[in-house]
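Worksheet: the structure to be examined is printed underneath.
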Amino acid sequence: MGERAFKPEEKVTVPGIMAAKGRRKLTMLTAYDYLTALWVDRSGVDMILVGDSLAMVMLGHEDTLSVTMEEMLHHTRAVTRGTQRALVVGDMPFLSYQVSVEQAVESAGRFLKEARAQAVKLEGGASVLPQVEAIVRAGIPVQGHLGLTPQSIAQLGGFKVQGKGEEAAKRLLDDAVALSQAGCFSLVLEAVPAPVAERITQSVPIPTIGIGAGPACDGQVLVTHDLAGLFDRFVPRFVKQYDQLGQRLLEAARRYRHEVEAGAFPGPEHSFGLPRKDG
Ligand code: KIV
């Protein structure tokens, strides 16, 4: 069914991701359902992120704040069922880890125990270090997320590039170093000036995964529905649309409608007759 047979020894692991730093570029894409995970996994990307962006892309919310733990687990379960090779990272939703360290460990554990993800991602720097340390101590790999952290959209005042000034860039760098020391295995940098992301990448021993953070990061991540041209409510500058699947789906649906209305579909080849009566 796939491009090539899956070999269990090719399964992407956390140590494998960490060892890639400085050797090869890493890739991560989002998926929120079984079928997308299946196709994205076949592409050979290293990681599949069940991002809380699903709040906007799949559920039609305005931002990522409304998605619940139960919704995230529901989608993560579907993704892990469709993934053989890539490392699946479950995104911890707003208020599933900020309340307390205990809450954070419990929520992170549910992604592995109930949804079979292999790692979790959470947003923030200094304020979430106790959570990161405790989750890692529980044996759960954590991916950090700095820069534009959409769960703090109210505080940030919108989807804006972060770390522009000298002081803000220094704070990002300090947070990145602290997260790597707290045990994160990799770090997403979102909407950060390329030179700042480059400096962070050179300063931490873990891979940085950029989105709108320039080419010097150790890897890149995109939202699959952006890359495929399916989500067009807004297209951030850092998105490259590799296809226009939204337009193609629209065309297919239109052709179907016209054919049904014109009586051209279903044809005899799509219809069933009755068994012939012999004699
Ligand atoms: O939720 C998400 O899809 C993300 C990526 C944009 C990194 O956090």
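Ligands are numbered from 1 in the order shown, chains are lettered A, B, ... in the order of the structure tokens, and residues start at 1 in each chain.
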
Selection as a PDB file with C-alpha atoms, in the first residue's frame: residues within 7 Å of ligand 1 by only C-alpha atoms and all ligand atoms:
```
ATOM      1  CA  THR A  30       1.023  18.406  11.511  1.00  0.00           C
ATOM      2  CA  LEU A  49       2.745  17.026  15.404  1.00  0.00           C
ATOM      3  CA  VAL A  50      -0.863  16.784  16.505  1.00  0.00           C
ATOM      4  CA  GLY A  51      -0.854  20.537  16.965  1.00  0.00           C
ATOM      5  CA  ASP A  52      -3.416  22.475  18.926  1.00  0.00           C
ATOM      6  CA  SER A  53      -3.729  24.393  15.644  1.00  0.00           C
ATOM      7  CA  LEU A  54      -6.417  21.767  15.041  1.00  0.00           C
ATOM      8  CA  ASP A  91       0.469  19.247  21.678  1.00  0.00           C
ATOM      9  CA  VAL A 188      10.066  24.798  18.173  1.00  0.00           C
ATOM     10  CA  GLU A 190       7.864  30.219  15.846  1.00  0.00           C
ATOM     11  CA  ILE A 211       8.365  27.906  11.611  1.00  0.00           C
ATOM     12  CA  VAL A 221       7.705  22.491  10.724  1.00  0.00           C
ATOM     13  CA  LEU A 222       4.589  23.507   8.793  1.00  0.00           C
ATOM     14  CA  VAL A 223       0.880  22.981   9.258  1.00  0.00           C
TER      15      VAL A 223
END
```

| task | Show which residues sit within 10 Å of A:Thr208, as a list in words. Count only C-alpha atoms, and ignore same-chain residues fewer than 3 positions away. | result |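 That gives Met18, Lys21, Lys25, Leu26, Gln143, Gly144, His145, Ala176, Phe185, Ser186, Leu187, Val188, Leu189, Ala197, Glu198, Ile200, Thr201, Gln202, Val204, Pro205, Ile211, Ala213, Ala216, Cys217, Asp218, Gly219 and Gln220 of chain A.
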
Cut-off 9 Å: closest stretch 110-154 of chain A/stretch 60-84 of chain A atom pairs per residue, using only C-alpha atoms, as JSON lines:
```
{"residue": "A:Arg110", "atom": "CA", "partner": "A:Leu73", "partner_atom": "CA", "distance": 7.8}
{"residue": "A:Phe111", "atom": "CA", "partner": "A:Leu73", "partner_atom": "CA", "distance": 6.4}
{"residue": "A:Glu114", "atom": "CA", "partner": "A:Leu73", "partner_atom": "CA", "distance": 7.4}
{"residue": "A:Ala115", "atom": "CA", "partner": "A:Arg77", "partner_atom": "CA", "distance": 4.4}
{"residue": "A:Arg116", "atom": "CA", "partner": "A:Thr80", "partner_atom": "CA", "distance": 6.4}
{"residue": "A:Ala117", "atom": "CA", "partner": "A:Thr80", "partner_atom": "CA", "distance": 6.5}
{"residue": "A:Pro150", "atom": "CA", "partner": "A:Thr64", "partner_atom": "CA", "distance": 6.7}
{"residue": "A:Gln151", "atom": "CA", "partner": "A:Leu65", "partner_atom": "CA", "distance": 5.9}
{"residue": "A:Ser152", "atom": "CA", "partner": "A:Leu65", "partner_atom": "CA", "distance": 8.7}
{"residue": "A:Ile153", "atom": "CA", "partner": "A:Asp63", "partner_atom": "CA", "distance": 8.3}
```

May I have the selected residues written with all heavy atoms, as a short mmCIF file (atom, residue, chain, number, x, y, z; two decimals), in the first residue's frame?
```cif
data_model
loop_
_atom_site.label_atom_id
_atom_site.label_comp_id
_atom_site.auth_asym_id
_atom_site.auth_seq_id
_atom_site.Cartn_x
_atom_site.Cartn_y
_atom_site.Cartn_z
N ARG A 110 -1.25 11.31 29.77
CA ARG A 110 -2.43 10.84 29.03
C ARG A 110 -2.14 10.75 27.53
O ARG A 110 -2.66 9.88 26.84
CB ARG A 110 -3.62 11.77 29.29
CG ARG A 110 -4.12 11.70 30.73
CD ARG A 110 -5.41 12.47 30.89
NE ARG A 110 -6.52 11.81 30.20
CZ ARG A 110 -7.69 12.38 29.97
NH1 ARG A 110 -7.92 13.63 30.36
NH2 ARG A 110 -8.64 11.72 29.33
N PHE A 111 -1.29 11.69 27.02
CA PHE A 111 -0.96 11.63 25.58
C PHE A 111 -0.25 10.32 25.24
O PHE A 111 -0.46 9.75 24.17
CB PHE A 111 -0.08 12.82 25.19
CG PHE A 111 -0.86 14.04 24.83
CD1 PHE A 111 -1.07 15.06 25.75
CD2 PHE A 111 -1.42 14.18 23.57
CE1 PHE A 111 -1.81 16.18 25.43
CE2 PHE A 111 -2.17 15.30 23.23
CZ PHE A 111 -2.35 16.30 24.17
N GLU A 114 -2.96 7.06 26.82
CA GLU A 114 -4.28 6.88 26.20
C GLU A 114 -4.24 7.06 24.68
O GLU A 114 -5.09 6.53 23.98
CB GLU A 114 -5.28 7.88 26.79
CG GLU A 114 -5.53 7.65 28.26
CD GLU A 114 -6.46 8.72 28.84
OE1 GLU A 114 -7.35 9.20 28.14
OE2 GLU A 114 -6.26 9.06 30.03
N ALA A 115 -3.28 7.87 24.18
CA ALA A 115 -3.29 8.16 22.74
C ALA A 115 -2.05 7.62 22.04
O ALA A 115 -1.95 7.75 20.82
CB ALA A 115 -3.41 9.66 22.52
N ARG A 116 -1.12 7.05 22.78
CA ARG A 116 0.08 6.40 22.23
C ARG A 116 1.00 7.35 21.46
O ARG A 116 1.71 6.93 20.52
CB ARG A 116 -0.30 5.20 21.34
CG ARG A 116 -1.27 4.22 21.97
CD ARG A 116 -0.79 3.64 23.27
NE ARG A 116 0.42 2.82 23.13
CZ ARG A 116 1.09 2.31 24.15
NH1 ARG A 116 0.67 2.53 25.38
NH2 ARG A 116 2.16 1.59 23.94
N ALA A 117 0.99 8.64 21.83
CA ALA A 117 2.00 9.57 21.29
C ALA A 117 3.34 9.19 21.90
O ALA A 117 3.41 8.47 22.90
CB ALA A 117 1.64 11.01 21.66
N PRO A 150 1.00 30.72 20.46
CA PRO A 150 -0.39 31.14 20.26
C PRO A 150 -1.28 31.03 21.49
O PRO A 150 -2.31 31.71 21.57
CB PRO A 150 -0.86 30.20 19.14
CG PRO A 150 0.38 29.83 18.40
CD PRO A 150 1.45 29.74 19.46
N GLN A 151 -0.92 30.18 22.46
CA GLN A 151 -1.75 30.09 23.66
C GLN A 151 -1.67 31.37 24.50
O GLN A 151 -2.49 31.60 25.38
CB GLN A 151 -1.36 28.87 24.50
CG GLN A 151 -1.72 27.55 23.82
CD GLN A 151 -1.26 26.32 24.59
OE1 GLN A 151 -0.98 26.39 25.78
NE2 GLN A 151 -1.19 25.20 23.90
N SER A 152 -0.65 32.19 24.24
CA SER A 152 -0.52 33.47 24.98
C SER A 152 -0.92 34.64 24.10
O SER A 152 -0.45 35.78 24.29
CB SER A 152 0.94 33.67 25.43
OG SER A 152 1.42 32.53 26.06
N ILE A 153 -1.80 34.39 23.15
CA ILE A 153 -2.14 35.40 22.15
C ILE A 153 -2.67 36.68 22.80
O ILE A 153 -2.39 37.80 22.33
CB ILE A 153 -3.14 34.80 21.13
CG1 ILE A 153 -3.15 35.61 19.85
CG2 ILE A 153 -4.52 34.64 21.67
CD1 ILE A 153 -1.95 35.42 19.02
#
```

| field | In stretch 38-228 of chain A, DSSP helix (DSSP H, G or I) residues written as a PyMOL selection string | value | chain A and resi 38-42+54-57+69-82+101-113+126-137+150-156+166-182+194-203+224-227

| request: Go through A:Ser271, A:Val260, A:Asp226, A:Arg199 and flag the residue nearest A:Gln244, using only C-alpha atoms for the distances. | output: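 Nearest to A:Gln244: A:Asp226.
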
| Point-to-point distance from atom CA of A:Val14 to atom CA of A:Gln118, Å rounded to tenths | 8.3 Å

| message | Taking only C-alpha atoms into account, name the residue in A:Val105, A:Leu156, A:Val196, A:Met58 that is nearest to A:Lys170. | response | A:Val196

| Those in stretch 10-97 of chain A with strand (DSSP E) from DSSP, as a PyMOL selection string | chain A and resi 26-30+47-50+87-91

| note | One decimal place gives the atom CA of A:Leu249-atom CA of A:Gly229 separation as 10.6 Å

| What does the distance from atom CA of A:Gly246 to atom CA of A:Leu227 come to in Å, to one decimal? | 10.9 Å
